[in-house]
file run_24.csv (CSV, C-alpha atoms and all ligand atoms)
chain,number,residue,atom,x,y,z
V,1,MET,CA,-2.9,-19.2,-16.4
V,2,ARG,CA,-1.9,-15.7,-15.6
V,3,ASN,CA,1.4,-15.1,-13.8
V,4,PHE,CA,0.7,-13.3,-10.5
V,5,SER,CA,4.3,-13.6,-9.2
V,6,GLU,CA,5.6,-10.4,-10.6
V,7,ASN,CA,3.1,-7.7,-9.6
V,8,HIS,CA,-0.4,-7.3,-8.1
V,9,GLU,CA,-2.3,-5.8,-11.0
V,10,TRP,CA,-5.0,-8.5,-10.6
V,11,LEU,CA,-5.4,-8.1,-6.8
V,12,SER,CA,-8.6,-6.7,-5.4
V,13,ILE,CA,-9.1,-6.1,-1.7
V,14,ASN,CA,-12.5,-6.9,-0.2
V,15,THR,CA,-12.6,-4.1,2.3
V,16,ALA,CA,-13.9,-6.3,5.1
V,17,THR,CA,-10.3,-7.6,5.2
V,18,VAL,CA,-9.2,-4.4,6.7
V,19,ARG,CA,-12.5,-3.2,8.3
V,20,LYS,CA,-10.5,-3.0,11.5
V,21,SER,CA,-6.9,-1.9,12.1
V,22,LEU,CA,-5.4,-2.8,15.5
V,23,GLY,CA,-8.8,-3.8,16.6
V,24,VAL,CA,-10.4,-0.5,15.8
V,25,ASP,CA,-13.0,0.2,13.0
V,26,LEU,CA,-11.2,1.7,10.0
V,27,PRO,CA,-13.3,4.0,7.8
V,28,LEU,CA,-13.6,3.2,4.1
V,29,PRO,CA,-11.8,6.4,2.9
V,30,LYS,CA,-8.8,5.4,5.0
V,31,ILE,CA,-8.9,1.9,3.5
V,32,ILE,CA,-9.0,3.4,0.0
V,33,GLU,CA,-6.1,5.7,0.8
V,34,ALA,CA,-3.9,2.8,2.0
V,35,CYS,CA,-4.8,0.7,-1.1
V,36,VAL,CA,-4.0,3.5,-3.5
V,37,GLU,CA,-0.7,4.1,-1.7
V,38,ARG,CA,0.2,0.5,-2.5
V,39,GLY,CA,-0.8,0.5,-6.2
V,40,ILE,CA,-3.8,-1.7,-5.5
V,41,VAL,CA,-6.2,-0.9,-8.3
V,42,ALA,CA,-9.4,-2.7,-7.3
V,43,ILE,CA,-11.6,-3.1,-4.2
V,44,SER,CA,-14.9,-4.6,-3.2
V,45,PRO,CA,-16.5,-2.6,-0.5
V,46,TRP,CA,-19.3,-3.5,1.9
V,47,ARG,CA,-22.6,-1.5,2.0
V,48,ASP,CA,-22.3,-0.7,5.7
V,49,GLN,CA,-18.8,0.8,5.1
V,50,VAL,CA,-20.1,2.9,2.1
V,51,ALA,CA,-23.1,4.1,4.1
V,52,ALA,CA,-20.9,5.1,7.0
V,53,ALA,CA,-18.8,7.4,4.8
V,54,GLY,CA,-21.6,8.4,2.4
V,55,LEU,CA,-22.1,7.0,-1.1
V,56,PRO,CA,-21.3,10.4,-2.8
V,57,VAL,CA,-18.0,10.5,-0.9
V,58,ILE,CA,-17.0,7.0,-1.8
V,59,SER,CA,-18.2,7.4,-5.4
V,60,LYS,CA,-15.9,10.5,-5.8
V,61,LEU,CA,-12.9,8.7,-4.2
V,62,VAL,CA,-13.4,5.7,-6.5
V,63,LYS,CA,-13.6,7.9,-9.6
V,64,ASN,CA,-10.8,10.2,-8.6
V,65,HIS,CA,-8.4,7.3,-8.0
V,66,GLY,CA,-9.6,5.3,-11.0
V,67,LEU,CA,-10.3,2.4,-8.8
V,68,LYS,CA,-12.2,-0.6,-10.1
V,69,LEU,CA,-14.8,-2.6,-8.1
V,70,SER,CA,-14.4,-6.4,-8.5
V,71,GLY,CA,-17.8,-6.6,-6.8
V,72,TYR,CA,-20.1,-4.9,-4.3
V,73,CYS,CA,-21.0,-6.6,-1.0
V,74,ARG,CA,-23.8,-7.4,-0.8
V,75,GLY,CA,-27.3,-8.0,-1.7
V,76,GLY,CA,-29.5,-11.0,-0.9
V,77,MET,CA,-31.2,-12.1,2.4
V,78,PHE,CA,-34.4,-12.7,0.4
V,79,PRO,CA,-36.4,-15.0,2.7
V,80,ALA,CA,-38.8,-13.4,5.1
V,81,ALA,CA,-41.6,-14.5,7.5
V,82,ASP,CA,-44.3,-12.6,5.6
V,83,ALA,CA,-45.1,-10.6,2.4
V,84,ALA,CA,-44.1,-7.3,4.0
V,85,GLY,CA,-40.7,-8.7,4.9
V,86,MET,CA,-40.2,-10.0,1.3
V,87,GLU,CA,-41.1,-6.6,0.0
V,88,ALA,CA,-38.7,-4.9,2.3
V,89,ALA,CA,-35.9,-7.2,1.2
V,90,TYR,CA,-36.7,-6.5,-2.4
V,91,LEU,CA,-36.6,-2.7,-1.9
V,92,ASP,CA,-33.4,-2.9,-0.1
V,93,ASN,CA,-31.9,-5.1,-2.8
V,94,ARG,CA,-33.0,-2.6,-5.4
V,95,LYS,CA,-31.1,0.0,-3.5
V,96,ALA,CA,-28.0,-2.2,-3.4
V,97,VAL,CA,-28.2,-2.5,-7.2
V,98,ASP,CA,-28.4,1.3,-7.5
V,99,GLU,CA,-25.4,1.7,-5.3
V,100,ALA,CA,-23.4,-0.9,-7.2
V,101,CYS,CA,-24.3,1.0,-10.4
V,102,GLU,CA,-23.2,4.3,-9.0
V,103,LEU,CA,-19.8,2.7,-8.0
V,104,ASN,CA,-19.6,0.9,-11.4
V,105,ALA,CA,-19.1,-2.4,-9.7
V,106,ALA,CA,-18.4,-5.5,-11.8
V,107,CYS,CA,-21.3,-7.3,-10.0
V,108,LEU,CA,-23.5,-7.2,-7.0
V,109,VAL,CA,-22.7,-10.2,-4.8
V,110,LEU,CA,-25.7,-12.0,-3.4
V,111,VAL,CA,-25.7,-13.8,0.0
V,112,VAL,CA,-29.1,-15.2,-0.4
V,113,GLY,CA,-30.3,-15.7,3.2
V,114,GLY,CA,-31.5,-18.7,5.1
V,115,LEU,CA,-34.4,-19.3,7.6
V,116,PRO,CA,-36.0,-16.0,8.5
V,117,GLY,CA,-35.0,-14.9,12.0
V,118,ALA,CA,-32.2,-17.4,12.3
V,119,LEU,CA,-29.5,-14.7,12.0
V,120,ALA,CA,-31.0,-13.0,14.9
V,121,GLY,CA,-31.0,-16.2,16.9
V,122,ARG,CA,-34.5,-17.5,16.4
V,123,ALA,CA,-35.7,-19.0,13.2
V,124,VAL,CA,-39.5,-18.5,12.6
V,125,HIS,CA,-39.8,-21.9,10.9
V,126,LYS,CA,-37.8,-25.0,9.9
V,127,ASP,CA,-38.8,-25.2,6.2
V,128,ILE,CA,-35.6,-24.7,4.3
V,129,ALA,CA,-37.3,-25.7,1.1
V,130,LEU,CA,-39.6,-22.7,1.5
V,131,SER,CA,-36.6,-20.5,2.0
V,132,ARG,CA,-35.0,-21.8,-1.1
V,133,ALA,CA,-38.1,-21.2,-3.1
V,134,GLN,CA,-38.3,-17.6,-1.7
V,135,VAL,CA,-34.6,-17.1,-2.7
V,136,THR,CA,-35.3,-18.2,-6.3
V,137,ASP,CA,-38.3,-15.9,-6.5
V,138,GLY,CA,-36.4,-13.1,-4.9
V,139,ILE,CA,-33.5,-13.4,-7.4
V,140,ALA,CA,-35.9,-13.6,-10.3
V,141,GLN,CA,-37.6,-10.4,-9.2
V,142,LEU,CA,-34.4,-8.5,-8.6
V,143,LEU,CA,-32.9,-9.8,-11.9
V,144,GLU,CA,-35.6,-7.9,-13.8
V,145,TYR,CA,-34.6,-4.7,-12.1
V,146,ALA,CA,-30.8,-5.3,-12.3
V,147,LYS,CA,-31.1,-5.9,-16.1
V,148,THR,CA,-32.6,-2.5,-16.6
V,149,CYS,CA,-29.4,-0.9,-15.2
V,150,GLY,CA,-27.0,-3.5,-16.5
V,151,MET,CA,-25.8,-4.7,-13.1
V,152,PRO,CA,-24.8,-8.4,-13.1
V,153,LEU,CA,-25.9,-10.4,-10.1
V,154,ALA,CA,-23.4,-13.0,-8.6
V,155,ILE,CA,-24.9,-15.7,-6.4
V,156,GLU,CA,-22.3,-16.7,-3.8
V,157,PRO,CA,-22.8,-20.2,-2.5
V,158,LEU,CA,-21.9,-20.4,1.1
V,159,HIS,CA,-20.5,-23.3,3.0
V,160,PRO,CA,-23.3,-25.5,4.3
V,161,MET,CA,-22.5,-24.5,7.9
V,162,TYR,CA,-24.3,-21.2,7.1
V,163,ALA,CA,-27.4,-22.8,5.6
V,164,ALA,CA,-29.6,-21.8,8.5
V,165,ASP,CA,-28.7,-18.2,9.1
V,166,ARG,CA,-26.9,-16.8,6.0
V,167,ALA,CA,-27.4,-18.7,2.8
V,168,CYS,CA,-29.4,-21.7,1.9
V,169,ILE,CA,-27.6,-22.0,-1.5
V,170,ASN,CA,-24.6,-24.1,-0.4
V,171,THR,CA,-22.9,-25.5,-3.4
V,172,LEU,CA,-21.8,-24.2,-6.8
V,173,GLU,CA,-24.0,-26.8,-8.4
V,174,HIS,CA,-27.1,-25.4,-6.6
V,175,ALA,CA,-26.2,-21.8,-7.5
V,176,LEU,CA,-25.8,-22.8,-11.1
V,177,ASP,CA,-29.1,-24.6,-11.1
V,178,VAL,CA,-30.7,-21.3,-10.1
V,179,CYS,CA,-28.8,-19.5,-12.8
V,180,ASP,CA,-29.9,-21.9,-15.4
V,181,ALA,CA,-33.5,-21.7,-14.3
V,182,LEU,CA,-33.6,-17.9,-14.3
V,183,ASP,CA,-31.2,-17.0,-17.1
V,184,PRO,CA,-31.2,-20.0,-19.4
V,185,ASP,CA,-29.6,-18.1,-22.3
V,186,GLN,CA,-26.5,-17.2,-20.2
V,187,THR,CA,-26.9,-13.5,-20.9
V,188,GLY,CA,-24.2,-12.5,-18.4
V,189,ALA,CA,-26.9,-10.9,-16.2
V,190,LEU,CA,-26.7,-13.7,-13.6
V,191,GLY,CA,-23.7,-15.8,-12.4
V,192,VAL,CA,-21.8,-16.9,-9.4
V,193,ALA,CA,-19.1,-15.6,-7.0
V,194,VAL,CA,-16.7,-18.5,-6.3
V,195,ASP,CA,-15.3,-18.0,-2.8
V,196,MET,CA,-12.6,-20.4,-1.8
V,197,TYR,CA,-13.7,-20.5,1.8
V,198,HIS,CA,-17.1,-21.8,0.9
V,199,VAL,CA,-16.4,-24.2,-2.0
V,200,TRP,CA,-12.9,-25.6,-1.7
V,201,TRP,CA,-14.1,-28.9,-0.1
V,202,ASP,CA,-16.6,-29.7,-2.8
V,203,PRO,CA,-15.8,-32.9,-4.8
V,204,LYS,CA,-17.8,-31.4,-7.7
V,205,LEU,CA,-15.9,-28.1,-7.7
V,206,GLN,CA,-13.9,-28.6,-10.8
V,207,SER,CA,-16.8,-30.0,-12.9
V,208,GLN,CA,-19.1,-27.2,-11.7
V,209,ILE,CA,-16.6,-24.5,-12.6
V,210,GLN,CA,-16.4,-26.1,-16.0
V,211,ARG,CA,-20.2,-26.0,-16.1
V,212,ALA,CA,-20.3,-22.4,-15.1
V,213,GLY,CA,-17.9,-21.3,-17.9
V,214,GLN,CA,-16.9,-17.7,-18.5
V,215,LYS,CA,-20.4,-16.3,-18.7
V,216,ARG,CA,-21.3,-17.4,-15.2
V,217,LEU,CA,-17.9,-16.8,-13.4
V,218,LEU,CA,-18.4,-13.3,-12.2
V,219,ALA,CA,-16.1,-13.1,-9.1
V,220,PHE,CA,-13.3,-15.1,-7.5
V,221,HIS,CA,-12.7,-14.6,-3.7
V,222,VAL,CA,-9.6,-15.9,-2.0
V,223,CYS,CA,-8.5,-16.6,1.6
V,224,ASP,CA,-7.5,-19.8,3.3
V,225,TRP,CA,-9.0,-22.5,5.5
V,226,LEU,CA,-7.1,-22.8,8.8
V,227,THR,CA,-6.7,-26.0,10.8
V,228,PRO,CA,-8.1,-25.7,13.4
V,229,THR,CA,-10.7,-23.0,12.5
V,230,THR,CA,-11.6,-21.4,15.8
V,231,ASP,CA,-14.5,-19.3,14.6
V,232,LEU,CA,-16.7,-20.4,11.7
V,233,LEU,CA,-17.4,-16.9,10.5
V,234,ASN,CA,-14.4,-14.7,11.6
V,235,ASP,CA,-11.3,-16.9,11.5
V,236,ARG,CA,-10.5,-17.0,7.9
V,237,GLY,CA,-6.9,-17.5,7.0
V,238,MET,CA,-4.4,-15.5,4.8
V,239,MET,CA,-3.7,-17.2,1.5
V,240,GLY,CA,-0.9,-19.7,2.1
V,241,ASP,CA,-1.6,-20.3,5.8
V,242,GLY,CA,-4.2,-23.0,5.4
V,243,VAL,CA,-5.1,-26.1,3.4
V,244,ILE,CA,-6.7,-24.7,0.2
V,245,ASP,CA,-4.8,-25.3,-3.0
V,246,ILE,CA,-5.7,-21.9,-4.4
V,247,PRO,CA,-3.5,-21.9,-7.5
V,248,LYS,CA,-5.1,-25.1,-8.6
V,249,ILE,CA,-8.6,-23.7,-8.3
V,250,ARG,CA,-7.5,-20.4,-10.0
V,251,GLY,CA,-6.2,-22.6,-12.8
V,252,TRP,CA,-9.7,-24.1,-13.2
V,253,VAL,CA,-11.5,-20.8,-13.4
V,254,GLU,CA,-8.9,-19.3,-15.7
V,255,ALA,CA,-9.2,-22.4,-17.9
V,256,GLU,CA,-12.8,-21.3,-18.5
V,257,GLY,CA,-11.7,-17.8,-19.5
V,258,PHE,CA,-12.1,-16.0,-16.2
V,259,SER,CA,-9.8,-13.0,-16.4
V,260,GLY,CA,-11.0,-10.8,-13.5
V,261,PHE,CA,-9.5,-9.9,-10.1
V,262,SER,CA,-8.5,-12.2,-7.3
V,263,GLU,CA,-10.4,-10.6,-4.4
V,264,VAL,CA,-8.9,-11.1,-1.0
V,265,GLU,CA,-11.7,-11.5,1.6
V,266,ILE,CA,-10.6,-12.3,5.1
V,267,PHE,CA,-12.7,-11.9,8.2
V,268,SER,CA,-10.4,-12.4,11.2
V,269,THR,CA,-11.4,-11.1,14.6
V,270,GLY,CA,-8.5,-12.7,16.5
V,271,ASN,CA,-5.6,-12.2,14.0
V,272,TRP,CA,-5.7,-9.9,11.0
V,273,TRP,CA,-8.2,-7.4,12.4
V,274,GLN,CA,-5.9,-7.0,15.3
V,275,ARG,CA,-2.9,-5.9,13.1
V,276,ASP,CA,-2.2,-2.6,11.5
V,277,HIS,CA,-4.1,-2.5,8.2
V,278,LYS,CA,-0.9,-1.5,6.3
V,279,GLU,CA,0.8,-4.7,7.4
V,280,VAL,CA,-2.3,-6.6,6.4
V,281,LEU,CA,-2.4,-5.0,2.9
V,282,ASP,CA,1.4,-5.6,2.4
V,283,THR,CA,0.8,-9.2,3.4
V,284,CYS,CA,-2.1,-9.5,0.9
V,285,ILE,CA,0.2,-8.2,-1.9
V,286,ALA,CA,3.0,-10.6,-1.0
V,287,ARG,CA,0.7,-13.7,-0.7
V,288,HIS,CA,-1.2,-12.8,-3.9
V,289,GLN,CA,2.2,-13.2,-5.6
V,290,THR,CA,3.2,-16.4,-3.9
V,291,ALA,CA,0.1,-18.3,-2.8
V,292,VAL,CA,-2.6,-17.4,-5.3
A,301,ZN,ZN,-16.9,-14.0,-0.6
call {"tool": "encode", "arguments": {"input": "run_24.csv", "output": "structure tokens"}}
result
Amino acid sequence: MRNFSENHEWLSINTATVRKSLGVDLPLPKIIEACVERGIVAISPWRDQVAAAGLPVISKLVKNHGLKLSGYCRGGMFPAADAAGMEAAYLDNRKAVDEACELNAACLVLVVGGLPGALAGRAVHKDIALSRAQVTDGIAQLLEYAKTCGMPLAIEPLHPMYAADRACINTLEHALDVCDALDPDQTGALGVAVDMYHVWWDPKLQSQIQRAGQKRLLAFHVCDWLTPTTDLLNDRGMMGDGVIDIPKIRGWVEAEGFSGFSEVEIFSTGNWWQRDHKEVLDTCIARHQTAV
């Protein structure tokens, strides 16, 4: 297992972690500047942040600073109420693949979607099996395109509490079943993003990480689970402040040969987004060395 205690060469910042500074939106170029100042060599930006600054601007910043992208957030949201909606999702996902390629991301992270309409507050049906079938079909279709540009797709299983509105793939086992169905030869084109927040509780976590192996382990996201959690989406904890044994789980993925970045991904309306982003980044560096 790699020693993280001496430096932060394997730290990546998911830019949602500092999407606000002192409660105010922080533009992606400012986030990049603060990361570069601290010797942080990798980020994982969100599409909305890239779009706000302009893809050419961000692409140039990334190249000029020699930054790496541990991933690109995000594609997915495949299920739709009708064929037109499915087609729109496909086209948007193709665009996400193109953006990920332009930024030379390690993978495009997929949050696959749940019941159509649920995220907006009103699901158009209750058939989660249908959504899951549409997800598999959507990934299959996107995979064909992503392969032509060499962009790996990383399915991120989300905690079951998000099954209705964000992702109906809820365990690592389920994500790997889809991988095995669509990419049986383990070509490296399709794998998983293992996010502590979503999978830490799973009694099959270690065995499914072993099943995934190096070929399928495309991204490793860290934060912590607070007790109590006051908001199921936006109250993620800083590593070391909660109940997840992160070093143990990192040991499991590294035992399979994973050698990528530890990507800090914290959504925190009430705490970290209220602080100065420089303090947040300094804390990420410190905790990466002591709690990851
Ligand atoms: Zn994640």
call {"tool": "residues_near_ligand", "arguments": {"input": "run_24.csv", "ligand": "ligand ZN 301 (chain A)", "cutoff": "7 Å", "atoms": "all atoms listed in the file", "output": "NGL selection string"}}
result
:V and (156 or 193 or 195 or 221 or 265)
call {"tool": "atom_distance", "arguments": {"input": "run_24.csv", "atom1": "atom CA of Arg216 of chain V", "atom2": "atom CA of Pro247 of chain V"}}
result
19.9 Å
call {"tool": "closest_residue", "arguments": {"input": "run_24.csv", "among": "V:Ala291, V:Ala154, V:Ile58, V:Ala133", "to": "Asn104 of chain V", "atoms": "all atoms listed in the file"}}
result
V:Ile58
call {"tool": "atom_distance", "arguments": {"input": "run_24.csv", "atom1": "atom CA of Asp276 of chain V", "atom2": "atom CA of Asp224 of chain V"}}
result
19.8 Å
call {"tool": "atom_distance", "arguments": {"input": "run_24.csv", "atom1": "atom CA of Pro228 of chain V", "atom2": "atom CA of Ala118 of chain V"}}
result
25.5 Å
call {"tool": "build_atoms", "arguments": {"input": "run_24.csv", "residues": "segment 46-58 of chain V", "atoms": "N, CA and C atoms", "output": "mmCIF file, in the coordinates of the input"}}
result
data_model
loop_
_atom_site.group_PDB
_atom_site.id
_atom_site.type_symbol
_atom_site.label_atom_id
_atom_site.label_comp_id
_atom_site.auth_asym_id
_atom_site.auth_seq_id
_atom_site.Cartn_x
_atom_site.Cartn_y
_atom_site.Cartn_z
ATOM 1 N N TRP V 46 -18.073 -3.024 1.245
ATOM 2 C CA TRP V 46 -19.300 -3.500 1.900
ATOM 3 C C TRP V 46 -20.269 -2.292 2.016
ATOM 4 N N ARG V 47 -21.556 -2.591 1.933
ATOM 5 C CA ARG V 47 -22.600 -1.500 2.000
ATOM 6 C C ARG V 47 -22.508 -0.718 3.273
ATOM 7 N N ASP V 48 -22.283 -1.389 4.390
ATOM 8 C CA ASP V 48 -22.300 -0.700 5.700
ATOM 9 C C ASP V 48 -21.099 0.329 5.712
ATOM 10 N N GLN V 49 -19.975 -0.055 5.117
ATOM 11 C CA GLN V 49 -18.800 0.800 5.100
ATOM 12 C C GLN V 49 -19.070 2.032 4.167
ATOM 13 N N VAL V 50 -19.727 1.768 3.050
ATOM 14 C CA VAL V 50 -20.100 2.900 2.100
ATOM 15 C C VAL V 50 -21.069 3.801 2.780
ATOM 16 N N ALA V 51 -22.073 3.225 3.447
ATOM 17 C CA ALA V 51 -23.100 4.100 4.100
ATOM 18 C C ALA V 51 -22.502 4.933 5.177
ATOM 19 N N ALA V 52 -21.544 4.384 5.922
ATOM 20 C CA ALA V 52 -20.900 5.100 7.000
ATOM 21 C C ALA V 52 -20.188 6.379 6.499
ATOM 22 N N ALA V 53 -19.558 6.230 5.340
ATOM 23 C CA ALA V 53 -18.800 7.400 4.800
ATOM 24 C C ALA V 53 -19.676 8.239 3.885
ATOM 25 N N GLY V 54 -20.755 7.669 3.370
ATOM 26 C CA GLY V 54 -21.600 8.400 2.400
ATOM 27 C C GLY V 54 -21.306 7.939 1.000
ATOM 28 N N LEU V 55 -22.340 7.511 0.289
ATOM 29 C CA LEU V 55 -22.100 7.000 -1.100
ATOM 30 C C LEU V 55 -21.487 8.093 -1.993
ATOM 31 N N PRO V 56 -21.903 9.380 -1.924
ATOM 32 C CA PRO V 56 -21.300 10.400 -2.800
ATOM 33 C C PRO V 56 -19.757 10.511 -2.543
ATOM 34 N N VAL V 57 -19.379 10.438 -1.259
ATOM 35 C CA VAL V 57 -18.000 10.500 -0.900
ATOM 36 C C VAL V 57 -17.169 9.390 -1.512
ATOM 37 N N ILE V 58 -17.703 8.197 -1.336
ATOM 38 C CA ILE V 58 -17.000 7.000 -1.800
ATOM 39 C C ILE V 58 -16.975 7.009 -3.371
#
